[in-house]
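Undergrad: Have a peek at protein-v6.txt (compact mmCIF, C-alpha atoms).
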# COMPACT_ATOMS: atom_id res chain seq x y z
CA MET D 195 -36.70 -20.44 35.86
CA GLY D 196 -37.13 -19.41 32.31
CA LYS D 197 -34.48 -18.98 29.74
CA GLN D 198 -34.51 -15.24 30.29
CA ASP D 199 -33.30 -15.66 33.85
CA ARG D 200 -30.05 -17.15 32.73
CA ASN D 201 -29.39 -14.17 30.48
CA VAL D 202 -29.04 -11.74 33.39
CA ARG D 203 -25.44 -10.79 33.79
CA MET D 204 -24.46 -10.52 37.43
CA SER D 205 -22.17 -7.54 37.43
CA LEU D 206 -21.28 -5.58 40.53
CA GLN D 207 -23.69 -2.81 39.50
CA THR D 208 -26.49 -5.34 38.98
CA LEU D 209 -25.91 -6.69 42.47
CA LYS D 210 -26.07 -3.16 43.86
CA VAL D 211 -29.42 -2.57 42.16
CA LEU D 212 -30.78 -5.85 43.45
CA GLU D 213 -29.54 -5.03 46.92
CA ALA D 214 -31.38 -1.71 46.80
CA PHE D 215 -34.63 -3.52 46.04
CA LEU D 216 -34.02 -6.30 48.57
CA GLU D 217 -33.81 -3.77 51.41
CA ALA D 218 -37.56 -3.39 51.04
CA PRO D 219 -38.84 -5.91 48.51
CA SER D 220 -42.35 -4.56 48.53
CA ASP D 221 -41.29 -1.01 47.68
CA GLN D 222 -41.72 0.44 44.26
CA LEU D 223 -38.67 2.41 43.26
CA SER D 224 -38.05 4.80 40.42
CA GLY D 225 -34.73 5.11 38.72
CA ALA D 226 -34.03 8.23 40.73
CA ASP D 227 -34.73 6.31 43.96
CA VAL D 228 -32.34 3.55 42.99
CA HIS D 229 -29.72 6.13 42.13
CA GLN D 230 -30.07 7.71 45.58
CA ARG D 231 -29.74 4.31 47.29
CA CYS D 232 -26.81 2.82 45.41
CA GLY D 233 -25.29 5.77 43.56
CA ILE D 234 -25.15 4.14 40.16
CA ALA D 235 -25.02 6.61 37.26
CA SER D 236 -27.89 6.82 34.81
CA GLY D 237 -25.84 5.43 31.93
CA THR D 238 -25.47 2.15 33.80
CA LEU D 239 -28.63 2.13 35.87
CA TYR D 240 -31.35 2.21 33.21
CA PRO D 241 -29.91 -0.60 31.05
CA ILE D 242 -29.79 -2.75 34.19
CA LEU D 243 -33.38 -1.93 35.11
CA LEU D 244 -34.59 -2.75 31.61
CA ARG D 245 -32.51 -5.92 31.51
CA LEU D 246 -33.94 -7.20 34.79
CA GLU D 247 -37.44 -6.26 33.74
CA SER D 248 -36.99 -8.04 30.43
CA ALA D 249 -35.79 -11.10 32.36
CA GLY D 250 -38.92 -11.08 34.49
CA TRP D 251 -37.22 -10.10 37.73
CA PHE D 252 -38.93 -6.70 37.81
CA ASN D 253 -42.19 -5.33 36.66
CA SER D 254 -42.91 -1.69 36.23
CA ARG D 255 -45.80 0.74 36.00
CA TRP D 256 -46.34 4.44 35.67
CA GLU D 257 -46.78 6.57 38.74
CA SER D 258 -50.48 7.33 39.38
CA ILE D 259 -50.47 11.07 39.07
CA ASP D 260 -51.81 13.66 36.68
CA PRO D 261 -48.73 15.21 35.07
CA SER D 262 -50.53 18.42 34.18
CA SER D 263 -51.74 19.03 37.71
CA GLU D 264 -48.47 17.94 39.30
CA GLY D 265 -46.41 19.94 36.83
CA ARG D 266 -43.97 17.12 36.21
CA PRO D 267 -43.79 13.90 34.17
CA ARG D 268 -44.82 10.59 35.63
CA ARG D 269 -42.18 8.42 37.17
CA ARG D 270 -41.66 4.85 36.18
CA LEU D 271 -41.82 2.63 39.26
CA TYR D 272 -40.09 -0.74 39.45
CA LYS D 273 -40.91 -3.58 41.78
CA LEU D 274 -39.42 -6.99 42.34
CA THR D 275 -41.55 -9.84 41.08
CA SER D 276 -41.85 -13.05 43.04
CA THR D 277 -39.47 -14.65 40.59
CA GLY D 278 -37.09 -11.74 40.90
CA LEU D 279 -37.22 -11.87 44.65
CA LYS D 280 -36.46 -15.59 44.66
CA ARG D 281 -33.68 -15.34 42.15
CA ALA D 282 -32.09 -12.32 43.78
CA SER D 283 -32.18 -14.08 47.14
CA GLU D 284 -30.54 -17.13 45.60
CA VAL D 285 -27.84 -15.02 44.08
CA PHE D 286 -26.95 -13.34 47.35
CA ALA D 287 -27.23 -16.64 49.23
CA SER D 288 -24.75 -18.21 46.83
CA PHE D 289 -22.38 -15.31 47.38
CA ASN D 290 -22.68 -15.71 51.13
CA ARG D 291 -21.96 -19.42 50.87
CA GLY D 292 -18.96 -18.66 48.77
CA VAL D 293 -17.66 -16.18 51.30
CA LEU D 294 -18.23 -18.51 54.26
CA ALA D 295 -16.62 -21.43 52.55
CA MET G 33 -35.27 25.81 33.38
CA SER G 34 -31.69 26.98 33.17
CA GLN G 35 -29.48 26.74 30.10
CA ARG G 36 -27.93 23.55 31.37
CA ASN G 37 -31.36 22.15 32.20
CA ARG G 38 -32.40 22.77 28.66
CA LEU G 39 -29.24 21.10 27.49
CA ALA G 40 -29.91 18.08 29.69
CA ASP G 41 -33.51 17.97 28.48
CA TRP G 42 -32.31 18.12 24.89
CA LEU G 43 -29.87 15.28 25.55
CA ILE G 44 -32.65 13.18 27.02
CA ARG G 45 -34.91 13.78 24.05
CA ARG G 46 -32.10 12.92 21.66
CA ALA G 47 -31.24 9.80 23.63
CA ALA G 48 -34.84 8.65 23.83
CA SER G 49 -35.40 9.18 20.14
CA ALA G 50 -32.39 6.98 19.39
CA ALA G 51 -33.74 4.16 21.54
CA PRO G 52 -35.84 1.35 20.07
CA SER G 53 -39.18 2.78 19.00
CA ALA G 54 -41.15 0.65 21.46
CA LEU G 55 -39.23 2.20 24.34
CA SER G 56 -38.69 5.72 23.05
CA GLU G 57 -41.71 7.46 24.58
CA ARG G 58 -41.45 5.56 27.83
CA LEU G 59 -37.78 6.35 28.34
CA GLN G 60 -38.26 10.02 27.52
CA GLU G 61 -41.01 10.46 30.12
CA GLU G 62 -39.19 8.32 32.69
CA TRP G 63 -35.90 10.15 32.28
CA ARG G 64 -37.48 13.57 32.28
CA ALA G 65 -39.26 12.70 35.52
CA ASP G 66 -36.06 11.47 37.11
CA LEU G 67 -34.22 14.54 35.83
CA MET G 68 -36.49 16.67 38.00
CA THR G 69 -35.05 15.01 41.11
CA ARG G 70 -31.55 16.26 40.33
CA SER G 71 -30.79 19.45 42.13
CA SER G 72 -27.68 20.91 40.55
CA SER G 73 -27.30 21.79 36.93
CA LEU G 74 -24.11 19.77 36.73
CA SER G 75 -25.88 16.72 38.06
CA GLN G 76 -28.65 17.22 35.53
CA LEU G 77 -26.10 17.49 32.74
CA ARG G 78 -24.40 14.33 33.92
CA PHE G 79 -27.77 12.62 34.01
CA GLY G 80 -28.50 13.69 30.43
CA LEU G 81 -25.14 12.41 29.22
CA GLY G 82 -25.71 9.19 31.11
CA CYS G 83 -29.01 8.72 29.30
CA CYS G 84 -27.18 8.96 25.98
CA TRP G 85 -24.81 6.27 27.13
CA ALA G 86 -27.73 4.19 28.40
CA THR G 87 -29.42 4.42 25.00
CA PHE G 88 -26.37 2.89 23.38
CA TRP G 89 -26.59 -0.21 25.56
CA ILE G 90 -30.36 -0.40 25.47
CA ALA G 91 -30.31 -0.26 21.69
CA ARG G 92 -27.76 -3.04 21.62
CA GLU G 93 -29.66 -5.27 24.02
CA HIS G 94 -33.16 -4.52 22.83
CA GLY G 95 -32.51 -3.64 19.23
CA PHE G 96 -33.91 -6.95 18.02
CA ALA G 97 -36.83 -6.94 20.46
CA THR G 98 -40.23 -7.37 18.90
CA ALA G 99 -43.67 -7.44 20.38
CA THR G 100 -44.92 -10.99 20.55
CA ALA G 101 -47.97 -10.60 22.76
CA PRO G 102 -51.17 -9.06 21.50
CA ALA G 103 -51.27 -6.68 24.46
CA ALA G 104 -47.94 -5.20 23.58
CA THR G 105 -48.30 -1.59 22.62
CA PRO G 106 -45.65 1.08 22.59
CA ALA G 107 -47.79 3.24 24.79
CA SER G 108 -47.72 0.74 27.60
CA GLY G 109 -43.94 0.81 27.54
CA ASN G 110 -43.83 -2.49 29.37
CA ILE G 111 -40.83 -4.36 28.07
CA ALA G 112 -41.80 -7.44 30.04
CA ILE G 113 -43.89 -8.39 27.06
CA LEU G 114 -41.04 -7.86 24.70
CA ARG G 115 -39.14 -10.96 23.98
CA GLU G 116 -35.62 -10.64 22.83
CA GLU G 117 -35.05 -12.63 19.72
CA PRO G 118 -31.57 -13.90 19.33
CA GLY G 119 -29.97 -12.06 16.49
CA LEU G 120 -28.13 -13.98 13.86
CA LEU G 121 -24.96 -12.25 14.95
CA SER G 122 -24.07 -10.42 18.08
CA GLY G 123 -22.60 -6.96 17.85
CA ARG G 124 -19.13 -8.25 18.54
CA SER G 125 -19.38 -11.00 15.96
CA SER G 126 -20.74 -8.69 13.30
CA SER G 127 -17.92 -6.24 13.99
CA LEU G 128 -15.39 -9.03 13.67
CA ILE G 129 -16.90 -10.21 10.41
CA LEU G 130 -16.95 -6.65 9.12
CA VAL G 131 -13.25 -6.24 9.90
CA ILE G 132 -12.44 -9.54 8.22
CA LEU G 133 -14.42 -8.56 5.15
CA LEU G 134 -12.63 -5.23 4.94
CA HIS G 135 -9.27 -6.97 5.15
CA ALA G 136 -10.33 -9.42 2.46
CA VAL G 137 -11.38 -6.59 0.17
CA VAL G 138 -8.10 -4.76 0.70
CA PHE G 139 -6.00 -7.86 0.10
CA TYR G 140 -8.01 -8.75 -2.97
CA ALA G 141 -7.55 -5.27 -4.39
CA LEU G 142 -3.82 -5.41 -3.73
CA PHE G 143 -3.55 -8.84 -5.28
CA VAL G 144 -5.47 -7.90 -8.40
CA SER G 145 -3.75 -4.57 -9.00
CA LEU G 146 -0.24 -5.19 -7.79
CA GLY G 147 0.10 -8.95 -7.73
CA PRO G 148 1.46 -9.64 -11.21
CA THR G 149 3.84 -6.70 -11.03
CA LEU G 150 5.15 -7.72 -7.62
CA ILE G 151 5.58 -11.31 -8.66
CA LYS G 152 7.59 -10.32 -11.71
CA THR G 153 9.64 -7.83 -9.75
CA ILE G 154 10.49 -9.61 -6.52
CA ALA G 155 9.99 -13.26 -7.31
CA PRO G 156 13.22 -15.21 -7.28
CA PRO G 157 14.32 -16.37 -10.70
CA ALA G 158 13.08 -19.75 -11.63
CA PRO G 159 15.58 -22.53 -12.24
CA LEU G 160 16.81 -22.36 -15.75
CA VAL G 161 16.98 -25.10 -18.25
CA PRO G 162 18.46 -23.52 -21.30
CA THR G 163 19.13 -25.98 -24.02
CA ILE G 164 20.79 -25.95 -27.33
CA GLU G 165 18.72 -27.79 -29.82
CA PRO G 166 19.97 -29.77 -32.73
CA PRO G 167 20.48 -27.80 -35.91
CA LEU G 168 17.62 -27.03 -38.18
CA PRO G 169 16.95 -29.75 -40.69
CA LYS G 170 16.02 -27.29 -43.43
CA ASP G 171 19.32 -25.51 -43.44
CA PRO G 172 21.97 -26.52 -45.89
CA VAL G 173 24.48 -27.14 -43.15
CA THR G 174 23.38 -29.20 -40.24
CA VAL G 175 24.82 -28.38 -36.83
CA THR G 176 24.40 -30.67 -33.91
CA ALA G 177 24.48 -29.75 -30.25
CA THR G 178 26.08 -32.83 -28.79
CA ASP G 179 28.34 -35.57 -29.94
CA THR G 180 25.64 -38.13 -29.44
CA GLN G 181 23.46 -36.36 -31.96
CA LEU G 182 25.93 -36.21 -34.82
CA GLN G 183 24.50 -36.73 -38.23
CA ARG G 184 26.41 -37.86 -41.23
CA THR G 185 25.80 -36.17 -44.53
CA VAL G 186 26.76 -38.04 -47.64
CA LEU G 187 27.43 -35.97 -50.70
CA THR G 188 27.84 -37.54 -54.06
CA VAL G 189 30.16 -35.79 -56.44
CA PRO G 190 31.50 -36.88 -59.81
CA ARG G 191 35.06 -37.82 -60.18
CA PRO G 192 36.93 -34.95 -61.67
CA ASP G 193 39.04 -37.04 -64.05
CA VAL G 194 37.68 -39.17 -66.78
CA ASN G 195 39.91 -41.73 -68.22
CA ILE G 196 39.25 -42.35 -71.83
CA PRO G 197 41.17 -45.30 -73.16
CA ALA G 198 43.24 -44.62 -76.15
CA ILE G 199 41.82 -46.25 -79.21
CA PRO G 200 44.02 -46.89 -82.21
CA ALA G 201 43.00 -44.86 -85.12
CA ASP G 202 42.47 -47.94 -87.17
CA ASP G 203 40.03 -49.32 -84.68
CA MET G 204 38.09 -46.10 -84.31
CA PRO G 205 34.55 -46.61 -85.43
CA MET G 206 33.40 -44.61 -88.33
CA VAL G 207 30.72 -42.83 -86.52
CA ALA G 208 30.32 -39.15 -86.78
CA PRO G 209 30.38 -37.41 -83.42
CA THR G 210 27.03 -36.12 -82.40
CA THR G 211 28.34 -33.46 -80.14
CA ASP G 212 31.49 -31.74 -79.16
CA LEU G 213 30.63 -31.58 -75.51
CA PRO G 214 32.26 -34.04 -73.18
CA THR G 215 30.01 -36.67 -71.90
CA LEU G 216 29.10 -36.26 -68.27
CA PRO G 217 29.64 -39.29 -66.17
CA SER G 218 26.56 -41.17 -65.34
CA THR G 219 25.38 -41.88 -61.84
CA SER G 220 23.94 -45.17 -62.85
CA SER G 221 25.46 -48.36 -61.81
CA ASP G 222 27.03 -48.60 -65.15
CA GLY G 223 28.99 -45.37 -64.70
CA PRO G 224 32.26 -44.79 -63.04
CA PRO G 225 32.45 -45.14 -59.21
CA LEU G 226 31.48 -42.05 -57.19
CA HIS G 227 33.61 -40.34 -54.60
CA VAL G 228 31.74 -40.07 -51.28
CA VAL G 229 32.68 -37.21 -48.96
CA ASN G 230 31.85 -37.65 -45.34
CA ARG G 231 30.98 -34.23 -44.03
CA VAL G 232 30.30 -33.79 -40.33
CA GLN G 233 29.08 -30.39 -39.45
CA GLY G 234 30.35 -28.61 -36.42
CA GLY G 235 28.57 -27.17 -33.44
CA PRO G 236 29.09 -26.20 -29.84
CA GLY G 237 31.87 -28.36 -28.48
CA ALA G 238 33.54 -29.13 -25.22
CA GLY G 239 33.95 -26.15 -22.95
CA PHE G 240 31.19 -24.22 -24.66
CA PRO G 241 29.75 -21.74 -22.17
CA SER G 242 26.57 -22.61 -20.36
CA ALA G 243 23.55 -20.77 -21.61
CA ASN G 244 22.49 -20.25 -17.99
CA ASP G 245 25.09 -17.55 -17.68
CA PHE G 246 23.73 -15.66 -20.65
CA TYR G 247 20.01 -15.76 -19.87
CA PRO G 248 19.13 -12.04 -19.59
CA SER G 249 18.15 -11.29 -16.01
CA THR G 250 15.35 -9.03 -17.12
CA SER G 251 13.94 -11.83 -19.23
CA ILE G 252 14.10 -14.17 -16.24
CA ARG G 253 12.07 -11.80 -14.09
CA ALA G 254 9.60 -11.24 -16.88
CA ALA G 255 9.43 -15.00 -17.60
CA GLU G 256 10.39 -14.47 -21.23
CA GLU G 257 11.24 -17.56 -23.25
CA GLY G 258 12.16 -18.11 -26.86
CA ASN G 259 14.34 -19.73 -29.50
CA VAL G 260 17.08 -17.89 -31.37
CA THR G 261 18.84 -19.29 -34.40
CA VAL G 262 22.38 -17.95 -34.73
CA GLN G 263 24.72 -18.28 -37.71
CA VAL G 264 28.42 -18.71 -36.92
CA CYS G 265 31.45 -19.11 -39.11
CA VAL G 266 34.11 -21.30 -37.50
CA ASP G 267 37.66 -22.10 -38.56
CA PRO G 268 39.26 -25.53 -38.22
CA ARG G 269 40.36 -24.66 -34.67
CA GLY G 270 36.85 -23.88 -33.52
CA ARG G 271 37.27 -20.13 -33.47
CA LEU G 272 34.88 -17.64 -34.93
CA THR G 273 36.01 -16.07 -38.13
CA SER G 274 33.29 -13.42 -38.16
CA GLU G 275 30.67 -11.92 -35.92
CA PRO G 276 27.72 -14.21 -35.22
CA THR G 277 24.46 -13.13 -36.79
CA THR G 278 20.85 -13.82 -36.00
CA VAL G 279 19.20 -16.01 -38.57
CA ARG G 280 15.85 -16.33 -36.89
CA SER G 281 14.77 -14.01 -34.12
CA SER G 282 12.90 -15.12 -31.04
CA GLY G 283 10.77 -12.02 -31.26
CA ASN G 284 12.39 -10.67 -28.14
CA SER G 285 15.33 -8.33 -28.49
CA ARG G 286 16.75 -9.22 -25.08
CA LEU G 287 16.84 -12.93 -25.85
CA ASP G 288 18.33 -12.26 -29.29
CA ALA G 289 21.09 -10.16 -27.77
CA GLY G 290 21.77 -12.80 -25.13
CA ALA G 291 22.09 -15.47 -27.82
CA LEU G 292 24.63 -13.41 -29.80
CA VAL G 293 26.69 -12.80 -26.69
CA LEU G 294 26.63 -16.52 -25.91
CA ALA G 295 27.66 -17.41 -29.48
CA LYS G 296 30.52 -14.93 -29.36
CA ALA G 297 31.68 -16.11 -25.95
CA GLY G 298 31.88 -19.64 -27.27
CA SER G 299 34.64 -18.80 -29.77
CA GLY G 300 37.40 -21.38 -29.49
CA HIS G 301 34.97 -23.96 -28.14
CA TYR G 302 33.19 -24.80 -31.36
CA ARG G 303 33.61 -28.09 -32.99
CA ALA G 304 34.81 -27.52 -36.54
CA THR G 305 33.08 -28.98 -39.53
CA THR G 306 34.97 -31.90 -41.02
CA GLU G 307 35.07 -33.43 -44.43
CA ASP G 308 36.50 -36.86 -44.61
CA GLY G 309 37.83 -36.27 -41.09
CA GLN G 310 39.60 -33.08 -42.07
CA ALA G 311 38.55 -29.92 -40.18
CA ILE G 312 37.55 -27.11 -42.46
CA SER G 313 36.24 -23.60 -42.12
CA ALA G 314 32.50 -23.50 -42.47
CA CYS G 315 29.45 -21.53 -41.50
CA TYR G 316 26.39 -23.10 -39.98
CA PRO G 317 23.41 -22.10 -37.91
CA PHE G 318 22.44 -23.54 -34.57
CA ARG G 319 19.58 -22.90 -32.27
CA ILE G 320 19.73 -21.57 -28.73
CA VAL G 321 16.66 -22.15 -26.62
CA PHE G 322 15.97 -19.95 -23.62
CA THR G 323 13.37 -21.62 -21.46
CA LEU G 324 12.52 -21.50 -17.80
CA LYS G 325 12.03 -24.64 -15.81
CA LYS G 326 8.33 -25.15 -15.14
Can you turn what I pasted into structure tokens?

TA:
Amino acid sequence: MGKQDRNVRMSLQTLKVLEAFLEAPSDQLSGADVHQRCGIASGTLYPILLRLESAGWFNSRWESIDPSSEGRPRRRLYKLTSTGLKRASEVFASFNRGVLA
Amino acid sequence: MSQRNRLADWLIRRAASAAPSALSERLQEEWRADLMTRSSSLSQLRFGLGCCWATFWIAREHGFATATAPAATPASGNIAILREEPGLLSGRSSSLILVILLHAVVFYALFVSLGPTLIKTIAPPAPLVPTIEPPLPKDPVTVTATDTQLQRTVLTVPRPDVNIPAIPADDMPMVAPTTDLPTLPSTSSDGPPLHVVNRVQGGPGAGFPSANDFYPSTSIRAAEEGNVTVQVCVDPRGRLTSEPTTVRSSGNSRLDAGALVLAKAGSGHYRATTEDGQAISACYPFRIVFTLKK
């Protein structure tokens, strides 16, 4: 784990975002998708997405469409990295251990 | 696009432009795309306001971010290649330091502008050590402050009577007188013996009021100090025979006035001047020193 991993603050909203991605780790989700899954408002959601991406838990790319033909802007799609998947799993496993204990 | 949609779009553009420059274009396109998924105008407005709030936190967390990899370009919008450099001060610390600095400036201004005035106004009076100094040596009459500092003045005066022995006319030498004036007695050892008068000059005696009680309160607060030389005329019983006068001013009218009041209040407590142990009426100056204990 790099230094950036330790900088991720595990707030309740961050856990909700991670949970949304862990439901289908291979999915690529936009901010709007995450909002539909966990209901976090945009003012909280996007800082969390950028924070996790900066920490290496997510990577992101632009949606592969032609905005002019589609008539809308491209979406930014986020996906868990292998590091993010491992770290998120560890976080939830530690919570489960804490609950069971 | 409805009026509220335009408002939400305007909010998003404003929020994106306030974000760090490396993220500005990316966030604007991302947020505008996500805005399209909101159905109601109210939801779109809430989304736009949320983006403004998000910009605040993004700017705080990524404000010091700089591109460290060659592939980092703003167009890519990939913040994974942006490494957050630890700022010298976090936002909270810098705010705290700013508040402390503001307080320091305010207190410094108050101290510089009002400090001396406040100290003179509200500071408790310093302990007083007023003293009465020995009389001035230059003055014709020397006045001492305490008994232990008495000085004896010896005056030499000629005897008033001159005894000239009667000489029989027959024995009178035939020498013409050279002058009609009487011959003054000589002070040489060959002359007649001199009468020595022991004169002890008076001064403040037992029961003389303490100068502490006559230190002007205004002068205490203003830390004014000075010496005042006062002339008093005292009868054999130690009482003033006339109003005291200021011989040498301290340069401060309040201290001069306090010294005159003190001299007047001491009437009846002066030690009279004596000649050959006999109290006489005499005038003499003495010095009153108003000084604050350091």

Undergrad: Separation of CA of Pro241 in chain G and CA of Val260 in chain G, in Å?

TA: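 Atom-to-atom, CA of Pro241 in chain G and CA of Val260 in chain G are spaced 16.1 Å apart.
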
Undergrad: As a ChimeraX atom specification, please: the residues near Pro267 in chain D (cut-off 8 Å, all atoms listed in the file, same-chain neighbours under 5 positions excluded).

TA: /D:261 /G:61-62,64-65

Undergrad: If we count all atoms listed in the file and set the cut-off at 7 Å, which residues sit around range 266-275 of chain G, ignoring sequence neighbours fewer than 3 positions away in its own chain? Please answer as a list in words.

TA: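 Near range 266-275 of chain G, the qualifying residues are Ser299, Gly300, His301, Tyr302, Arg303, Ala304, Ala311, Ile312, Ser313, Ala314 and Cys315 of chain G.
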
Undergrad: I'd like to know which of G:Lys325, G:Arg92, G:Arg280, G:Arg231 is closest to chain D, using all atoms listed in the file.

TA: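 Nearest candidate to chain D out of G:Lys325, G:Arg92, G:Arg280, G:Arg231: G:Arg92.
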
Undergrad: Taking only C-alpha atoms into account, find every residue of chain D that has an atom no more than 8 Å from chain G, and write it out as a ChimeraX atom specification.

TA: /D:224-226,235-241,244,247-250,253-255,266-270

Undergrad: How many Å lie between CA of Trp251 in chain D and CA of Gln207 in chain D, rounded to one decimal?

TA: 15.5 Å

Undergrad: Which value, in Å to one decimal, gives the distance between CA of Ala287 in chain D and CA of Thr208 in chain D?

TA: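 Spanning CA of Ala287 in chain D to CA of Thr208 in chain D is a straight-line distance of 15.3 Å.
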
Undergrad: Output, as JSON, the centre and edge lengths in Å (one decimal) of the axis-aligned box that contains all listed atoms of range 249-261 of chain G with 6 Å of margin on each side.

TA:
{"center_x": 14.1, "center_y": -14.4, "center_z": -24.2, "size_x": 21.4, "size_y": 22.7, "size_z": 32.3}
